[in-house]
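Engineer: Quick one: this structure, given as structure tokens, is what I'll be asking you about.
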Amino acid sequence: MGGRNAQVADVRAGGGAAAADGPLPGTVFRRRLRPATVARELWASRELVRALAERDLRARYKQAVLGFAWAVLTPLALCAIFTLVFHRAVRIDTGTAPYALFAYVGLIVWQFFSNTMNQGALSLANNLSLLNKVYCPREVFPLATMLVAAVDMLIGVGVLGVMFLAFWTAPAATAAWVLPLLAVQFAFTYGVALVLSVAVVYLRDVRHLLPIITQMGVFATPVAYPLAKIPHRLQELYVALNPLGAVIEGYRRALLYGDAPDARLTLVAAASSVVFLVGGYLIFKKLETGIADVA
């Protein structure tokens, strides 16, 4: 104890010489993230997440004539284009499933991801005045954008049900596999949104890359074509880098073909999505302390 007091006295007396040696070990701030505390704070902020999501939904569709119909017009338009190009011109084989259903299942997943990515990336930058005045876990802002995208996806699922009726078919009995695949999809998407949201604050050029990523990503992801088009030896690496590939393929197998998702690829995608989520969260919490200074 006496040595510690002497060290502090030397720092006060020595001034610059002591400062050159760096701060005392006991004075360095170390942030500890406890999963239970994080979960408790997020749960306590659930009303804020709901309010932010409701605000964004109202702002998006407030003066739109078609309202929530815009949530499905884009995937339906892309589905029509893909049917003309990939099904009729390129002759993508989808087996017993109608190509329109095949493509639309992939488009629902991609639309959810791209909406969360684009809006979540700007969630902090667009709410700087709020997050600098009100204390809350800052990860609620990208989470709210994912909730908005989930509402759009739910509307798209309703249209998918209509399409099943139009093609005189029904989801297969293996549709229960959708639930674990949803968890993989949400974990990966939220992890990406967390990283992009804080990256836009520090590097404003990132927002200009988002449209390019969206345009390239829809073709780099098996939305218009099956995962089997990826060479078999590269599929594990592919779904590790892009878990959406295994998610979309799993949805199609479960809903359209009556098969369980490929266990090997699904496990790889699940493990990868956890890495994206945990890694994205750690990066977010590491950089969030400087958001106010940078902004």
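By order of appearance in the structure tokens: chains A, B, ..., then residues from 1 within every chain, and ligands from 1 in the order shown.
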Write out as a PyMOL selection string the residues lying within 12 Å of A:Val184, counting only C-alpha atoms and excluding same-chain residues fewer than 6 positions away.

Structural biologist: chain A and resi 109+113+177-178+190-191+239-240+242-248+250-251+265-277

Engineer: Taking only C-alpha atoms into account, which of A:Leu194, A:Leu241, A:Cys136, A:Arg88 comes nearest A:Glu47?

Structural biologist: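 Among the listed residues, A:Cys136 lies closest to A:Glu47.
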
Engineer: Would you mind listing what lies within 8 Å of stretch 255-259 of chain A as a PDB file with all heavy atoms, in the first residue's frame, with only C-alpha atoms counted and same-chain residues fewer than 3 positions away left out?

Structural biologist:
ATOM      1  N   THR A  96     -39.248 -29.700 -59.095  1.00  0.00           N
ATOM      2  CA  THR A  96     -40.712 -29.722 -59.041  1.00  0.00           C
ATOM      3  C   THR A  96     -41.305 -28.398 -58.579  1.00  0.00           C
ATOM      4  O   THR A  96     -42.522 -28.224 -58.641  1.00  0.00           O
ATOM      5  CB  THR A  96     -41.175 -30.835 -58.083  1.00  0.00           C
ATOM      6  OG1 THR A  96     -40.620 -30.605 -56.781  1.00  0.00           O
ATOM      7  CG2 THR A  96     -40.715 -32.204 -58.588  1.00  0.00           C
ATOM      8  N   ALA A  97     -40.497 -27.486 -58.121  1.00  0.00           N
ATOM      9  CA  ALA A  97     -41.002 -26.209 -57.601  1.00  0.00           C
ATOM     10  C   ALA A  97     -41.114 -25.189 -58.722  1.00  0.00           C
ATOM     11  O   ALA A  97     -40.199 -25.071 -59.555  1.00  0.00           O
ATOM     12  CB  ALA A  97     -40.083 -25.681 -56.513  1.00  0.00           C
ATOM     13  N   PHE A 102     -39.651 -20.363 -56.164  1.00  0.00           N
ATOM     14  CA  PHE A 102     -38.236 -20.592 -55.869  1.00  0.00           C
ATOM     15  C   PHE A 102     -37.506 -19.261 -55.699  1.00  0.00           C
ATOM     16  O   PHE A 102     -36.778 -19.055 -54.720  1.00  0.00           O
ATOM     17  CB  PHE A 102     -37.623 -21.414 -57.007  1.00  0.00           C
ATOM     18  CG  PHE A 102     -36.158 -21.675 -56.866  1.00  0.00           C
ATOM     19  CD1 PHE A 102     -35.697 -22.812 -56.221  1.00  0.00           C
ATOM     20  CD2 PHE A 102     -35.229 -20.802 -57.410  1.00  0.00           C
ATOM     21  CE1 PHE A 102     -34.341 -23.063 -56.108  1.00  0.00           C
ATOM     22  CE2 PHE A 102     -33.866 -21.047 -57.304  1.00  0.00           C
ATOM     23  CZ  PHE A 102     -33.419 -22.178 -56.649  1.00  0.00           C
ATOM     24  N   PRO A 171     -47.061 -25.282 -48.661  1.00  0.00           N
ATOM     25  CA  PRO A 171     -45.769 -25.523 -48.016  1.00  0.00           C
ATOM     26  C   PRO A 171     -45.654 -26.967 -47.542  1.00  0.00           C
ATOM     27  O   PRO A 171     -46.638 -27.570 -47.109  1.00  0.00           O
ATOM     28  CB  PRO A 171     -45.765 -24.542 -46.840  1.00  0.00           C
ATOM     29  CG  PRO A 171     -46.766 -23.501 -47.198  1.00  0.00           C
ATOM     30  CD  PRO A 171     -47.807 -24.196 -48.012  1.00  0.00           C
ATOM     31  N   ALA A 172     -44.470 -27.520 -47.635  1.00  0.00           N
ATOM     32  CA  ALA A 172     -44.254 -28.899 -47.220  1.00  0.00           C
ATOM     33  C   ALA A 172     -44.359 -29.034 -45.710  1.00  0.00           C
ATOM     34  O   ALA A 172     -44.288 -28.047 -44.959  1.00  0.00           O
ATOM     35  CB  ALA A 172     -42.879 -29.388 -47.695  1.00  0.00           C
ATOM     36  N   ALA A 173     -44.524 -30.265 -45.251  1.00  0.00           N
ATOM     37  CA  ALA A 173     -44.676 -30.519 -43.819  1.00  0.00           C
ATOM     38  C   ALA A 173     -43.401 -30.213 -43.039  1.00  0.00           C
ATOM     39  O   ALA A 173     -43.434 -30.086 -41.813  1.00  0.00           O
ATOM     40  CB  ALA A 173     -45.093 -31.971 -43.598  1.00  0.00           C
ATOM     41  N   THR A 174     -42.272 -30.101 -43.738  1.00  0.00           N
ATOM     42  CA  THR A 174     -40.994 -29.797 -43.083  1.00  0.00           C
ATOM     43  C   THR A 174     -40.815 -28.306 -42.821  1.00  0.00           C
ATOM     44  O   THR A 174     -39.708 -27.867 -42.487  1.00  0.00           O
ATOM     45  CB  THR A 174     -39.836 -30.302 -43.955  1.00  0.00           C
ATOM     46  OG1 THR A 174     -40.003 -29.801 -45.290  1.00  0.00           O
ATOM     47  CG2 THR A 174     -39.803 -31.821 -44.005  1.00  0.00           C
ATOM     48  N   ALA A 175     -41.883 -27.524 -42.954  1.00  0.00           N
ATOM     49  CA  ALA A 175     -41.785 -26.069 -42.797  1.00  0.00           C
ATOM     50  C   ALA A 175     -41.335 -25.656 -41.393  1.00  0.00           C
ATOM     51  O   ALA A 175     -40.920 -24.511 -41.195  1.00  0.00           O
ATOM     52  CB  ALA A 175     -43.130 -25.425 -43.113  1.00  0.00           C
ATOM     53  N   TYR A 251     -34.551 -22.800 -46.536  1.00  0.00           N
ATOM     54  CA  TYR A 251     -35.953 -22.430 -46.688  1.00  0.00           C
ATOM     55  C   TYR A 251     -36.585 -23.153 -47.877  1.00  0.00           C
ATOM     56  O   TYR A 251     -37.714 -23.644 -47.802  1.00  0.00           O
ATOM     57  CB  TYR A 251     -36.092 -20.922 -46.891  1.00  0.00           C
ATOM     58  CG  TYR A 251     -35.912 -20.097 -45.643  1.00  0.00           C
ATOM     59  CD1 TYR A 251     -35.367 -18.818 -45.698  1.00  0.00           C
ATOM     60  CD2 TYR A 251     -36.301 -20.573 -44.404  1.00  0.00           C
ATOM     61  CE1 TYR A 251     -35.202 -18.043 -44.570  1.00  0.00           C
ATOM     62  CE2 TYR A 251     -36.143 -19.811 -43.262  1.00  0.00           C
ATOM     63  CZ  TYR A 251     -35.590 -18.548 -43.350  1.00  0.00           C
ATOM     64  OH  TYR A 251     -35.439 -17.785 -42.208  1.00  0.00           O
ATOM     65  N   ARG A 252     -35.873 -23.174 -48.971  1.00  0.00           N
ATOM     66  CA  ARG A 252     -36.411 -23.811 -50.174  1.00  0.00           C
ATOM     67  C   ARG A 252     -36.609 -25.310 -49.973  1.00  0.00           C
ATOM     68  O   ARG A 252     -37.641 -25.862 -50.376  1.00  0.00           O
ATOM     69  CB  ARG A 252     -35.474 -23.555 -51.354  1.00  0.00           C
ATOM     70  CG  ARG A 252     -35.520 -22.130 -51.872  1.00  0.00           C
ATOM     71  CD  ARG A 252     -34.386 -21.845 -52.832  1.00  0.00           C
ATOM     72  NE  ARG A 252     -34.539 -20.509 -53.432  1.00  0.00           N
ATOM     73  CZ  ARG A 252     -33.547 -19.866 -54.046  1.00  0.00           C
ATOM     74  NH1 ARG A 252     -32.337 -20.417 -54.125  1.00  0.00           N
ATOM     75  NH2 ARG A 252     -33.761 -18.685 -54.566  1.00  0.00           N
TER      76      ARG A 252
END

Engineer: State, in Å with one decimal place, the distance from atom CA of A:Cys79 to atom CA of A:Leu147.

Structural biologist: 23.7 Å

Engineer: Kindly indicate which residue among A:Ala150, A:Val38, A:Leu227, A:Ala254 lies nearest to A:Leu179, using only C-alpha atoms for the distances.

Structural biologist: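 Checking each of A:Ala150, A:Val38, A:Leu227, A:Ala254 against A:Leu179, counting only C-alpha atoms, the winner is A:Ala254.
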
Engineer: Hey, what does DSSP flag as helix (DSSP H, G or I) within stretch 19-211 of chain A? Can you give it to me as a VMD selection string?

Structural biologist: chain A and resid 19 to 20 25 to 27 35 to 44 46 to 61 67 to 89 99 to 121 125 to 131 140 to 166 173 to 202 206 to 211

Engineer: Can you list, as a PyMOL selection string, every protein, DNA or RNA residue that comes within 8 Å of A:Tyr99 when you count only C-alpha atoms, leaving out same-chain residues fewer than 4 positions away?

Structural biologist: chain A and resi 83+87+94+103

Engineer: Kindly indicate which residue among A:Leu237, A:Val198, A:Val148, A:Leu84 lies nearest to A:Thr116, using only C-alpha atoms for the distances.

Structural biologist: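 Comparing A:Leu237, A:Val198, A:Val148, A:Leu84 against A:Thr116, the winner is A:Val148.
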
Engineer: List as a list in words the protein and nucleic acid residues near stretch 199-207 of chain A, meaning an atom at most 9 Å away when only C-alpha atoms are counted, but skip any in the same chain fewer than 2 places from it.

Structural biologist: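 Selected residues are Asn118, Ala121, Leu122, Leu124, Ala125, Leu194, Val195, Leu196, Ser197, Leu209, Leu210, Pro211, Phe284, Leu287, Ile291, Val294 and Ala295 of chain A.
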
Engineer: Write the residues you've just listed into a file as a CSV table (one decimal), in the first residue's frame, and include all heavy atoms for each of them.

Structural biologist:
chain,number,residue,atom,x,y,z
A,118,ASN,N,-28.9,-1.5,-45.2
A,118,ASN,CA,-28.9,-0.1,-45.7
A,118,ASN,C,-29.4,0.8,-44.6
A,118,ASN,O,-28.8,1.9,-44.4
A,118,ASN,CB,-29.7,0.0,-47.0
A,118,ASN,CG,-29.0,-0.6,-48.2
A,118,ASN,OD1,-27.9,-0.1,-48.6
A,118,ASN,ND2,-29.6,-1.6,-48.7
A,121,ALA,N,-27.2,0.7,-41.3
A,121,ALA,CA,-25.9,1.4,-41.4
A,121,ALA,C,-26.0,2.9,-41.1
A,121,ALA,O,-25.1,3.5,-40.6
A,121,ALA,CB,-25.3,1.2,-42.8
A,122,LEU,N,-27.2,3.5,-41.4
A,122,LEU,CA,-27.4,4.9,-41.1
A,122,LEU,C,-28.1,5.2,-39.8
A,122,LEU,O,-28.4,6.3,-39.5
A,122,LEU,CB,-28.2,5.5,-42.3
A,122,LEU,CG,-27.6,5.3,-43.7
A,122,LEU,CD1,-28.6,5.9,-44.7
A,122,LEU,CD2,-26.3,6.0,-43.8
A,124,LEU,N,-27.3,5.1,-36.6
A,124,LEU,CA,-26.6,5.9,-35.6
A,124,LEU,C,-26.4,7.3,-36.2
A,124,LEU,O,-26.7,8.3,-35.5
A,124,LEU,CB,-25.3,5.3,-35.3
A,124,LEU,CG,-25.3,4.0,-34.5
A,124,LEU,CD1,-23.8,3.6,-34.2
A,124,LEU,CD2,-26.0,4.2,-33.2
A,125,ALA,N,-26.0,7.4,-37.4
A,125,ALA,CA,-25.7,8.8,-38.0
A,125,ALA,C,-27.0,9.6,-38.1
A,125,ALA,O,-27.0,10.8,-38.0
A,125,ALA,CB,-25.2,8.6,-39.4
A,194,LEU,N,-24.6,-4.0,-37.1
A,194,LEU,CA,-23.9,-3.4,-36.0
A,194,LEU,C,-22.6,-2.8,-36.5
A,194,LEU,O,-22.2,-1.7,-36.2
A,194,LEU,CB,-23.6,-4.4,-34.9
A,194,LEU,CG,-24.8,-4.8,-34.0
A,194,LEU,CD1,-24.5,-5.9,-33.1
A,194,LEU,CD2,-25.2,-3.6,-33.1
A,195,VAL,N,-21.8,-3.6,-37.3
A,195,VAL,CA,-20.5,-3.2,-37.8
A,195,VAL,C,-20.7,-2.0,-38.7
A,195,VAL,O,-20.0,-1.0,-38.6
A,195,VAL,CB,-19.8,-4.3,-38.5
A,195,VAL,CG1,-18.5,-3.8,-39.2
A,195,VAL,CG2,-19.5,-5.4,-37.5
A,196,LEU,N,-21.7,-2.1,-39.6
A,196,LEU,CA,-21.9,-1.0,-40.6
A,196,LEU,C,-22.4,0.3,-39.9
A,196,LEU,O,-22.0,1.4,-40.3
A,196,LEU,CB,-22.9,-1.4,-41.7
A,196,LEU,CG,-22.4,-2.5,-42.6
A,196,LEU,CD1,-23.5,-2.9,-43.6
A,196,LEU,CD2,-21.2,-2.0,-43.4
A,197,SER,N,-23.2,0.2,-38.9
A,197,SER,CA,-23.7,1.4,-38.3
A,197,SER,C,-22.6,2.2,-37.6
A,197,SER,O,-22.6,3.4,-37.7
A,197,SER,CB,-24.8,1.0,-37.2
A,197,SER,OG,-24.2,0.3,-36.1
A,209,LEU,N,-20.8,3.0,-50.4
A,209,LEU,CA,-20.5,1.6,-50.9
A,209,LEU,C,-21.8,0.7,-50.7
A,209,LEU,O,-21.8,-0.3,-51.4
A,209,LEU,CB,-19.4,1.0,-50.0
A,209,LEU,CG,-18.0,1.6,-50.2
A,209,LEU,CD1,-17.0,0.9,-49.2
A,209,LEU,CD2,-17.5,1.3,-51.7
A,210,LEU,N,-22.7,1.1,-49.9
A,210,LEU,CA,-23.9,0.3,-49.6
A,210,LEU,C,-24.7,-0.1,-50.9
A,210,LEU,O,-25.0,-1.2,-51.1
A,210,LEU,CB,-24.8,0.9,-48.6
A,210,LEU,CG,-24.1,1.0,-47.2
A,210,LEU,CD1,-25.1,1.8,-46.3
A,210,LEU,CD2,-23.8,-0.3,-46.6
A,211,PRO,N,-25.0,0.9,-51.8
A,211,PRO,CA,-25.7,0.5,-53.0
A,211,PRO,C,-25.0,-0.5,-53.9
A,211,PRO,O,-25.6,-1.4,-54.5
A,211,PRO,CB,-25.9,1.9,-53.7
A,211,PRO,CG,-25.8,2.9,-52.6
A,211,PRO,CD,-24.8,2.4,-51.7
A,284,PHE,N,-18.7,-3.1,-32.2
A,284,PHE,CA,-19.6,-2.0,-32.0
A,284,PHE,C,-19.3,-1.4,-30.6
A,284,PHE,O,-19.2,-0.1,-30.5
A,284,PHE,CB,-21.0,-2.5,-32.1
A,284,PHE,CG,-22.1,-1.4,-31.9
A,284,PHE,CD1,-22.6,-0.7,-33.0
A,284,PHE,CD2,-22.6,-1.1,-30.6
A,284,PHE,CE1,-23.5,0.3,-32.8
A,284,PHE,CE2,-23.5,-0.2,-30.4
A,284,PHE,CZ,-24.0,0.5,-31.5
A,287,LEU,N,-16.1,0.7,-30.4
A,287,LEU,CA,-16.0,2.0,-31.0
A,287,LEU,C,-17.1,2.9,-30.6
A,287,LEU,O,-17.0,4.1,-30.9
A,287,LEU,CB,-16.1,1.8,-32.6
A,287,LEU,CG,-15.0,0.9,-33.2
A,287,LEU,CD1,-15.2,0.7,-34.7
A,287,LEU,CD2,-13.6,1.6,-33.0
A,291,ILE,N,-18.2,7.7,-30.5
A,291,ILE,CA,-19.2,8.2,-31.5
A,291,ILE,C,-19.5,9.7,-31.3
A,291,ILE,O,-19.5,10.5,-32.3
A,291,ILE,CB,-20.5,7.4,-31.4
A,291,ILE,CG1,-20.3,6.0,-31.9
A,291,ILE,CG2,-21.6,8.1,-32.2
A,291,ILE,CD1,-21.5,5.1,-31.7
A,294,VAL,N,-16.5,11.8,-32.6
A,294,VAL,CA,-16.3,11.8,-34.0
A,294,VAL,C,-17.4,12.6,-34.7
A,294,VAL,O,-17.2,13.3,-35.7
A,294,VAL,CB,-16.3,10.3,-34.6
A,294,VAL,CG1,-16.2,10.3,-36.1
A,294,VAL,CG2,-15.1,9.6,-34.0
A,295,ALA,N,-18.7,12.3,-34.3
A,295,ALA,CA,-19.8,13.0,-34.9
A,295,ALA,C,-19.8,14.5,-34.6
A,295,ALA,O,-20.4,15.2,-35.4
A,295,ALA,CB,-21.1,12.4,-34.3

Engineer: For A:Gln119, find every residue with an atom within 9 Å (counting only C-alpha atoms), except residues of its own chain fewer than 3 positions away, and show them as number ranges by chain.

Structural biologist: A: 114-116, 122-123, 142, 145-146, 149, 193, 197

Engineer: Tell me which protein, DNA and RNA residues are within 9 Å of A:Val72, counting only C-alpha atoms, leaving out same-chain ones fewer than 4 positions away, and put them as a ChimeraX atom specification.

Structural biologist: /A:68,76-77,108,152-153,155-156,159

Engineer: Could you check which of A:Phe186, A:Tyr104, A:Phe141, A:Trp70 is closest to A:Val162, using only C-alpha atoms?

Structural biologist: A:Tyr104
